[in-house]
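Coordinates as given in work.cif (mmCIF, C-alpha atoms):
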data_run
loop_
_atom_site.group_PDB
_atom_site.id
_atom_site.type_symbol
_atom_site.label_atom_id
_atom_site.label_comp_id
_atom_site.auth_asym_id
_atom_site.auth_seq_id
_atom_site.Cartn_x
_atom_site.Cartn_y
_atom_site.Cartn_z
ATOM 1 C CA MET V 280 27.396 144.536 -155.136
ATOM 2 C CA PRO V 281 23.699 145.159 -155.985
ATOM 3 C CA ILE V 282 21.597 142.022 -156.408
ATOM 4 C CA SER V 283 20.332 141.551 -159.959
ATOM 5 C CA ARG V 284 16.609 141.591 -160.630
ATOM 6 C CA PRO V 285 16.428 137.840 -161.538
ATOM 7 C CA THR V 286 18.385 136.905 -158.422
ATOM 8 C CA ARG V 287 16.230 139.172 -156.306
ATOM 9 C CA ARG V 288 13.104 137.511 -157.637
ATOM 10 C CA LEU V 289 14.523 134.067 -156.842
ATOM 11 C CA LEU V 290 15.428 135.064 -153.306
ATOM 12 C CA LEU V 291 12.132 136.736 -152.555
ATOM 13 C CA ALA V 292 10.256 133.732 -153.775
ATOM 14 C CA SER V 293 11.122 132.026 -150.480
ATOM 15 C CA MET V 294 9.037 134.495 -148.566
ATOM 16 C CA ALA V 295 6.171 132.720 -149.474
ATOM 17 C CA ALA V 296 6.747 129.637 -150.970
ATOM 18 C CA ALA V 297 3.781 130.434 -153.323
ATOM 19 C CA ALA V 298 2.081 131.481 -156.839
ATOM 20 C CA ALA V 299 -0.672 130.833 -159.408
ATOM 21 C CA ALA V 300 -2.930 129.308 -156.778
ATOM 22 C CA PRO V 301 -6.498 128.846 -158.029
ATOM 23 C CA MET V 302 -9.097 131.396 -157.084
ATOM 24 C CA LEU V 303 -10.845 130.354 -153.888
ATOM 25 C CA GLY V 304 -14.617 130.184 -153.948
ATOM 26 C CA GLY V 305 -17.043 131.921 -151.623
ATOM 27 C CA PRO V 306 -17.313 135.450 -150.232
ATOM 28 C CA ALA V 307 -14.493 137.180 -148.348
ATOM 29 C CA ALA V 308 -16.812 138.993 -145.935
ATOM 30 C CA ALA V 309 -15.481 137.184 -142.864
ATOM 31 C CA LEU V 310 -11.948 138.403 -143.488
ATOM 32 C CA THR V 311 -11.242 142.105 -143.052
ATOM 33 C CA GLN V 312 -8.541 144.253 -144.594
ATOM 34 C CA ALA V 313 -7.124 144.951 -141.148
ATOM 35 C CA GLN V 314 -6.782 141.224 -140.441
ATOM 36 C CA ALA V 315 -5.074 140.570 -143.775
ATOM 37 C CA ASN V 316 -2.693 143.496 -143.245
ATOM 38 C CA GLU V 317 -1.908 142.336 -139.732
ATOM 39 C CA LEU V 318 -0.999 138.834 -140.932
ATOM 40 C CA ILE V 319 1.422 140.111 -143.562
ATOM 41 C CA GLY V 320 2.931 142.558 -141.102
ATOM 42 C CA ARG V 321 3.690 139.634 -138.787
ATOM 43 C CA VAL V 322 5.065 137.522 -141.640
ATOM 44 C CA MET V 323 7.462 140.250 -142.743
ATOM 45 C CA ALA V 324 8.569 140.982 -139.176
ATOM 46 C CA ASP V 325 9.293 137.286 -138.588
ATOM 47 C CA VAL V 326 11.183 136.998 -141.884
ATOM 48 C CA GLN V 327 13.345 139.965 -140.938
ATOM 49 C CA GLY V 328 13.922 138.483 -137.496
ATOM 50 C CA ILE V 329 15.155 135.227 -139.017
ATOM 51 C CA ILE V 330 17.507 136.731 -141.566
ATOM 52 C CA ASN V 331 18.973 139.226 -139.100
ATOM 53 C CA SER V 332 19.409 136.669 -136.304
ATOM 54 C CA GLY V 333 22.870 135.483 -137.299
ATOM 55 C CA SER V 334 21.658 131.880 -137.032
ATOM 56 C CA SER V 335 23.338 129.022 -138.871
ATOM 57 C CA GLU V 336 22.050 127.911 -142.261
ATOM 58 C CA ALA V 337 20.395 124.841 -140.752
ATOM 59 C CA GLN V 338 18.656 126.970 -138.117
ATOM 60 C CA VAL V 339 17.484 129.479 -140.733
ATOM 61 C CA ILE V 340 16.014 126.689 -142.886
ATOM 62 C CA ALA V 341 14.243 125.132 -139.898
ATOM 63 C CA ARG V 342 12.787 128.478 -138.868
ATOM 64 C CA PHE V 343 11.547 129.203 -142.388
ATOM 65 C CA GLU V 344 9.794 125.847 -142.502
ATOM 66 C CA GLN V 345 8.104 126.755 -139.227
ATOM 67 C CA LEU V 346 7.132 130.134 -140.682
ATOM 68 C CA PHE V 347 5.498 128.487 -143.705
ATOM 69 C CA THR V 348 3.576 126.150 -141.410
ATOM 70 C CA ARG V 349 2.369 129.037 -139.236
ATOM 71 C CA TYR V 350 1.432 131.627 -141.849
ATOM 72 C CA ALA V 351 0.948 129.899 -145.240
ATOM 73 C CA ASP V 352 -1.883 127.684 -146.455
ATOM 74 C CA VAL V 353 0.644 124.982 -147.311
ATOM 75 C CA PRO V 354 -1.898 122.325 -148.428
ATOM 76 C CA THR V 355 -3.454 124.753 -150.934
ATOM 77 C CA ILE V 356 -0.037 125.913 -152.148
ATOM 78 C CA ALA V 357 1.227 122.348 -152.532
ATOM 79 C CA ARG V 358 -1.880 121.193 -154.403
ATOM 80 C CA SER V 359 -1.645 124.153 -156.756
ATOM 81 C CA ALA V 360 2.075 123.551 -157.321
ATOM 82 C CA LEU V 361 1.430 119.903 -158.194
ATOM 83 C CA GLY V 362 -1.362 120.901 -160.579
ATOM 84 C CA PRO V 363 -3.546 118.335 -162.431
ATOM 85 C CA PRO V 364 -1.660 115.273 -161.035
ATOM 86 C CA ALA V 365 -3.047 116.222 -157.605
ATOM 87 C CA ARG V 366 -6.485 115.049 -158.740
ATOM 88 C CA GLY V 367 -5.227 111.498 -159.210
ATOM 89 C CA ALA V 368 -3.111 111.391 -156.060
ATOM 90 C CA SER V 369 -4.225 109.501 -152.970
ATOM 91 C CA ALA V 370 -4.702 111.266 -149.641
ATOM 92 C CA ALA V 371 -1.485 109.651 -148.390
ATOM 93 C CA GLN V 372 0.433 110.834 -151.451
ATOM 94 C CA MET V 373 -0.864 114.393 -151.079
ATOM 95 C CA SER V 374 0.071 114.427 -147.400
ATOM 96 C CA ALA V 375 3.575 113.182 -148.206
ATOM 97 C CA PHE V 376 3.955 115.627 -151.104
ATOM 98 C CA THR V 377 2.800 118.577 -148.987
ATOM 99 C CA GLU V 378 5.331 117.775 -146.270
ATOM 100 C CA ALA V 379 8.152 117.230 -148.773
ATOM 101 C CA PHE V 380 7.270 120.386 -150.697
ATOM 102 C CA ARG V 381 7.310 122.540 -147.567
ATOM 103 C CA GLY V 382 10.773 121.271 -146.643
ATOM 104 C CA TYR V 383 11.975 121.697 -150.229
ATOM 105 C CA LEU V 384 10.916 125.341 -150.271
ATOM 106 C CA ALA V 385 12.548 126.024 -146.909
ATOM 107 C CA ARG V 386 15.842 124.541 -148.080
ATOM 108 C CA LYS V 387 15.747 125.997 -151.585
ATOM 109 C CA TYR V 388 15.130 129.572 -150.552
ATOM 110 C CA GLY V 389 16.247 129.667 -146.929
ATOM 111 C CA ARG V 390 19.877 129.318 -148.017
ATOM 112 C CA GLN V 391 19.563 132.573 -149.959
ATOM 113 C CA PHE V 392 17.831 134.650 -147.312
ATOM 114 C CA ARG V 393 20.794 136.018 -145.421
ATOM 115 C CA ARG V 394 21.428 138.285 -148.429
ATOM 116 C CA PHE V 395 18.350 140.204 -147.271
ATOM 117 C CA ALA V 396 19.889 141.236 -143.964
ATOM 118 C CA GLY V 397 19.063 144.859 -143.288
ATOM 119 C CA ALA V 398 16.220 145.100 -145.832
ATOM 120 C CA ALA V 399 13.185 147.183 -144.869
ATOM 121 C CA ALA V 400 9.608 146.031 -145.513
ATOM 122 C CA GLU V 401 6.255 147.709 -144.958
ATOM 123 C CA VAL V 402 2.602 147.175 -145.853
ATOM 124 C CA THR V 403 1.476 149.995 -148.133
ATOM 125 C CA GLY V 404 -2.075 149.021 -149.095
ATOM 126 C CA ALA V 405 -4.617 146.297 -149.823
ATOM 127 C CA ARG V 406 -7.500 145.530 -152.128
ATOM 128 C CA GLU V 407 -10.284 142.963 -152.102
ATOM 129 C CA VAL V 408 -10.088 140.544 -155.044
ATOM 130 C CA GLN V 409 -13.124 138.259 -155.343
ATOM 131 C CA SER V 410 -12.735 135.859 -152.402
ATOM 132 C CA PHE V 411 -9.470 137.097 -150.890
ATOM 133 C CA TRP V 412 -7.429 140.166 -149.989
ATOM 134 C CA GLU V 413 -4.349 141.228 -151.896
ATOM 135 C CA VAL V 414 -2.004 142.958 -149.456
ATOM 136 C CA ILE V 415 0.586 145.213 -151.064
ATOM 137 C CA SER V 416 3.994 145.694 -149.477
ATOM 138 C CA THR V 417 7.159 147.515 -150.422
ATOM 139 C CA ILE V 418 10.631 146.038 -149.909
ATOM 140 C CA THR V 419 13.732 148.231 -149.834
ATOM 141 C CA MET V 420 17.200 146.676 -149.974
ATOM 142 C CA ARG V 421 20.513 148.446 -149.661
ATOM 143 C CA GLY V 422 21.671 149.665 -153.085
ATOM 144 C CA GLU V 423 18.346 148.758 -154.738
ATOM 145 C CA ALA V 424 15.261 150.720 -155.738
ATOM 146 C CA PRO V 425 12.150 149.758 -153.715
ATOM 147 C CA PHE V 426 9.965 147.105 -155.304
ATOM 148 C CA GLU V 427 6.490 145.713 -154.716
ATOM 149 C CA VAL V 428 5.405 142.399 -153.258
ATOM 150 C CA ARG V 429 1.713 141.405 -153.335
ATOM 151 C CA TRP V 430 0.438 138.772 -150.897
ATOM 152 C CA HIS V 431 -2.838 136.887 -151.388
ATOM 153 C CA VAL V 432 -4.574 136.239 -148.080
ATOM 154 C CA SER V 433 -7.672 134.139 -147.351
ATOM 155 C CA ASP V 434 -9.484 132.537 -144.413
ATOM 156 C CA ARG V 435 -10.954 129.784 -146.600
ATOM 157 C CA SER V 436 -9.006 127.136 -144.674
ATOM 158 C CA GLY V 437 -10.550 128.269 -141.382
ATOM 159 C CA GLN V 438 -7.457 130.334 -140.534
ATOM 160 C CA ILE V 439 -6.134 133.600 -141.923
ATOM 161 C CA LEU V 440 -3.212 132.521 -144.118
ATOM 162 C CA PHE V 441 -1.436 133.613 -147.286
ATOM 163 C CA PHE V 442 -1.659 131.310 -150.293
ATOM 164 C CA ASN V 443 0.079 133.197 -153.080
ATOM 165 C CA LEU V 444 2.727 135.834 -153.684
ATOM 166 C CA ILE V 445 3.533 138.120 -156.617
ATOM 167 C CA ILE V 446 6.978 139.758 -156.631
ATOM 168 C CA ASP V 447 7.722 142.531 -159.103
ATOM 169 C CA GLY V 448 4.972 141.096 -161.301
ATOM 170 C CA VAL V 449 6.288 137.511 -161.046
ATOM 171 C CA ASN V 450 3.812 134.918 -159.758
ATOM 172 C CA VAL V 451 5.956 132.739 -157.506
ATOM 173 C CA LEU V 452 3.782 129.642 -157.266
ATOM 174 C CA ALA V 453 3.412 129.641 -161.046
ATOM 175 C CA ALA V 454 7.184 129.286 -161.245
ATOM 176 C CA GLU V 455 7.134 126.506 -158.659
ATOM 177 C CA ARG V 456 4.323 124.739 -160.504
ATOM 178 C CA GLN V 457 6.449 124.733 -163.656
ATOM 179 C CA GLU V 458 9.453 123.405 -161.721
ATOM 180 C CA VAL V 459 7.433 120.657 -160.027
ATOM 181 C CA GLY V 460 5.891 119.704 -163.375
ATOM 182 C CA SER V 461 9.350 119.371 -164.911
ATOM 183 C CA MET V 462 10.553 117.280 -161.976
ATOM 184 C CA LEU V 463 7.575 114.943 -162.290
ATOM 185 C CA GLU V 464 8.009 114.636 -166.061
ATOM 186 C CA ARG V 465 11.674 113.691 -165.652
ATOM 187 C CA ARG V 466 10.526 110.857 -163.386
ATOM 188 C CA GLY V 467 8.011 109.511 -165.864
ATOM 189 C CA GLY V 468 5.052 110.821 -163.870
ATOM 190 C CA ASN V 469 5.966 108.693 -160.832
ATOM 191 C CA LEU V 470 4.724 110.836 -157.934
ATOM 192 C CA ASP V 471 6.115 108.590 -155.202
ATOM 193 C CA ARG V 472 9.586 108.763 -156.722
ATOM 194 C CA MET V 473 9.359 112.534 -157.016
ATOM 195 C CA ILE V 474 8.301 112.836 -153.371
ATOM 196 C CA GLN V 475 11.352 110.845 -152.310
ATOM 197 C CA ASP V 476 13.664 113.006 -154.420
ATOM 198 C CA LEU V 477 11.945 116.208 -153.282
ATOM 199 C CA ARG V 478 12.862 115.373 -149.683
ATOM 200 C CA GLN V 479 16.521 115.670 -150.655
ATOM 201 C CA ALA V 480 16.230 118.573 -153.120
ATOM 202 C CA GLY V 481 16.506 122.295 -152.583
#
structure tokens encoding of this file:
Amino acid sequence: MPISRPTRRLLLASMAAAAAAPMLGGPAAALTQAQANELIGRVMADVQGIINSGSSEAQVIARFEQLFTRYADVPTIARSALGPPARGASAAQMSAFTEAFRGYLARKYGRQFRRFAGAAAEVTGAREVQSFWEVISTITMRGEAPFEVRWHVSDRSGQILFFNLIIDGVNVLAAERQEVGSMLERRGGNLDRMIQDLRQAG
């Protein structure tokens, strides 16, 4: 049965764990288009390797968490997802939130990823946007028309990493920021309580 567009968007969101990250300052001269393309090519190859491996759900989740750690600027993504409350958080709280958020994303989306078995992905272009590169890829699933995924790549952290993802026009981290904001609101703004609950969520 073909996967619906909303479901597809939800599933693909895991490929990054990312959206609505703030623009990064400074020039992008140090990072080349070839380097940005190469990173996303490796990310997509690793994602395909995981979902086609036949591994157990627990193994898939663990491998996706490792993938986020290796290829994503998780601290930037986590801070953007938390939004304004990040400014009032202590260093210890931000460290704990970043770790919990990474695990939450791996669990939340990793469970869905086996539906992508057999999908084809390729980098089709890139463009420089202020301080980062936007790498454009096309994903083709069985029984579905191809659709576009745009990856935002920067070396601002000192490494070449992706920090944002736009799928079929949907900014993934923006959706996660809204979800995290709702979670925090339901806990009366208590960040420590949300961190504890986030470790079990997903």
Check your understanding: For V:Ser334, which residue among V:Arg366, V:Arg390, V:Arg381, V:Arg421 is the nearest when counting only C-alpha atoms?
Key ->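 Going through V:Arg366, V:Arg390, V:Arg381, V:Arg421 one by one, the smallest distance to V:Ser334 is for V:Arg390.
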Practice item. Evaluate the PyMOL selection byres ((chain V and resi 406-419) around 7) here and jot the selected residues down as JSON, numbers by chain. Key: {"V": [303, 304, 305, 306, 307, 312, 315, 316, 398, 399, 400, 401, 402, 403, 404, 405, 420, 421, 423, 424, 425, 426, 427, 428, 429, 430, 431, 432, 433]}
Practice item. Carefully work through the PyMOL selection byres ((chain V and resi 322-325) around 8) for this structure and note down the residues it includes, as a list in words. Key: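 Listing what the PyMOL selection byres ((chain V and resi 322-325) around 8) selects in the shown file: Leu318, Ile319, Gly320, Arg321, Val326, Gln327, Gly328, Ile329, Leu346, Tyr350, Ala400 and Glu401 of chain V.
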Could you save the residues just selected, with C-alpha atoms, as a PDB file, keeping the file's coordinate frame?
ATOM      1  CA  LEU V 318      -0.999 138.834-140.932  1.00  0.00           C
ATOM      2  CA  ILE V 319       1.422 140.111-143.562  1.00  0.00           C
ATOM      3  CA  GLY V 320       2.931 142.558-141.102  1.00  0.00           C
ATOM      4  CA  ARG V 321       3.690 139.634-138.787  1.00  0.00           C
ATOM      5  CA  VAL V 326      11.183 136.998-141.884  1.00  0.00           C
ATOM      6  CA  GLN V 327      13.345 139.965-140.938  1.00  0.00           C
ATOM      7  CA  GLY V 328      13.922 138.483-137.496  1.00  0.00           C
ATOM      8  CA  ILE V 329      15.155 135.227-139.017  1.00  0.00           C
ATOM      9  CA  LEU V 346       7.132 130.134-140.682  1.00  0.00           C
ATOM     10  CA  TYR V 350       1.432 131.627-141.849  1.00  0.00           C
ATOM     11  CA  ALA V 400       9.608 146.031-145.513  1.00  0.00           C
ATOM     12  CA  GLU V 401       6.255 147.709-144.958  1.00  0.00           C
TER      13      GLU V 401
END
Point to revise | Long-range neighbours of V:Phe442 as a PyMOL selection string, 6 Å cut-off, only C-alpha atoms, 5 positions minimum in chain | key: chain V and resi 351-352+356+431
I need the chosen residues saved as an mmCIF file, keeping the file's coordinate frame, with C-alpha atoms.
data_model
loop_
_atom_site.group_PDB
_atom_site.id
_atom_site.type_symbol
_atom_site.label_atom_id
_atom_site.label_comp_id
_atom_site.auth_asym_id
_atom_site.auth_seq_id
_atom_site.Cartn_x
_atom_site.Cartn_y
_atom_site.Cartn_z
ATOM 1 C CA ALA V 351 0.948 129.899 -145.240
ATOM 2 C CA ASP V 352 -1.883 127.684 -146.455
ATOM 3 C CA ILE V 356 -0.037 125.913 -152.148
ATOM 4 C CA HIS V 431 -2.838 136.887 -151.388
#
List every residue of stretch 312-429 of chain V that has an atom at most 8 Å from any atom of stretch 462-480 of chain V, giving for each one its closest atom pair and the distance in Å to one decimal, counting all atoms listed in the file, sorted by chain and then by ascending residue number, as CSV.
residue,atom,partner,partner_atom,distance
V:Gln372,CA,V:Asp471,CA,7.2
V:Ala375,CA,V:Ile474,CA,7.0
V:Phe376,CA,V:Ile474,CA,5.6
V:Ala379,CA,V:Arg478,CA,5.1
V:Phe380,CA,V:Leu477,CA,6.8
V:Gly382,CA,V:Arg478,CA,7.0
V:Tyr383,CA,V:Ala480,CA,6.0
V:Arg386,CA,V:Ala480,CA,7.8
V:Lys387,CA,V:Ala480,CA,7.6
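Of note, atom CA of V:Ala371 and atom CA of V:Gly389 are spaced 26.8 Å apart.
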On this structure, which residues satisfy the PyMOL selection byres ((chain V and resi 357-360) around 9), written as a PDB file with C-alpha atoms, in the coordinates of the input?
ATOM      1  CA  ALA V 297       3.781 130.434-153.323  1.00  0.00           C
ATOM      2  CA  ALA V 298       2.081 131.481-156.839  1.00  0.00           C
ATOM      3  CA  ALA V 299      -0.672 130.833-159.408  1.00  0.00           C
ATOM      4  CA  ALA V 300      -2.930 129.308-156.778  1.00  0.00           C
ATOM      5  CA  PRO V 301      -6.498 128.846-158.029  1.00  0.00           C
ATOM      6  CA  ASP V 352      -1.883 127.684-146.455  1.00  0.00           C
ATOM      7  CA  VAL V 353       0.644 124.982-147.311  1.00  0.00           C
ATOM      8  CA  PRO V 354      -1.898 122.325-148.428  1.00  0.00           C
ATOM      9  CA  THR V 355      -3.454 124.753-150.934  1.00  0.00           C
ATOM     10  CA  ILE V 356      -0.037 125.913-152.148  1.00  0.00           C
ATOM     11  CA  LEU V 361       1.430 119.903-158.194  1.00  0.00           C
ATOM     12  CA  GLY V 362      -1.362 120.901-160.579  1.00  0.00           C
ATOM     13  CA  PRO V 363      -3.546 118.335-162.431  1.00  0.00           C
ATOM     14  CA  PRO V 364      -1.660 115.273-161.035  1.00  0.00           C
ATOM     15  CA  ALA V 365      -3.047 116.222-157.605  1.00  0.00           C
ATOM     16  CA  ARG V 366      -6.485 115.049-158.740  1.00  0.00           C
ATOM     17  CA  MET V 373      -0.864 114.393-151.079  1.00  0.00           C
ATOM     18  CA  PHE V 376       3.955 115.627-151.104  1.00  0.00           C
ATOM     19  CA  THR V 377       2.800 118.577-148.987  1.00  0.00           C
ATOM     20  CA  GLU V 378       5.331 117.775-146.270  1.00  0.00           C
ATOM     21  CA  PHE V 380       7.270 120.386-150.697  1.00  0.00           C
ATOM     22  CA  ARG V 381       7.310 122.540-147.567  1.00  0.00           C
ATOM     23  CA  LEU V 452       3.782 129.642-157.266  1.00  0.00           C
ATOM     24  CA  ALA V 453       3.412 129.641-161.046  1.00  0.00           C
ATOM     25  CA  ALA V 454       7.184 129.286-161.245  1.00  0.00           C
ATOM     26  CA  GLU V 455       7.134 126.506-158.659  1.00  0.00           C
ATOM     27  CA  ARG V 456       4.323 124.739-160.504  1.00  0.00           C
ATOM     28  CA  GLN V 457       6.449 124.733-163.656  1.00  0.00           C
ATOM     29  CA  GLU V 458       9.453 123.405-161.721  1.00  0.00           C
ATOM     30  CA  VAL V 459       7.433 120.657-160.027  1.00  0.00           C
ATOM     31  CA  GLY V 460       5.891 119.704-163.375  1.00  0.00           C
TER      32      GLY V 460
END
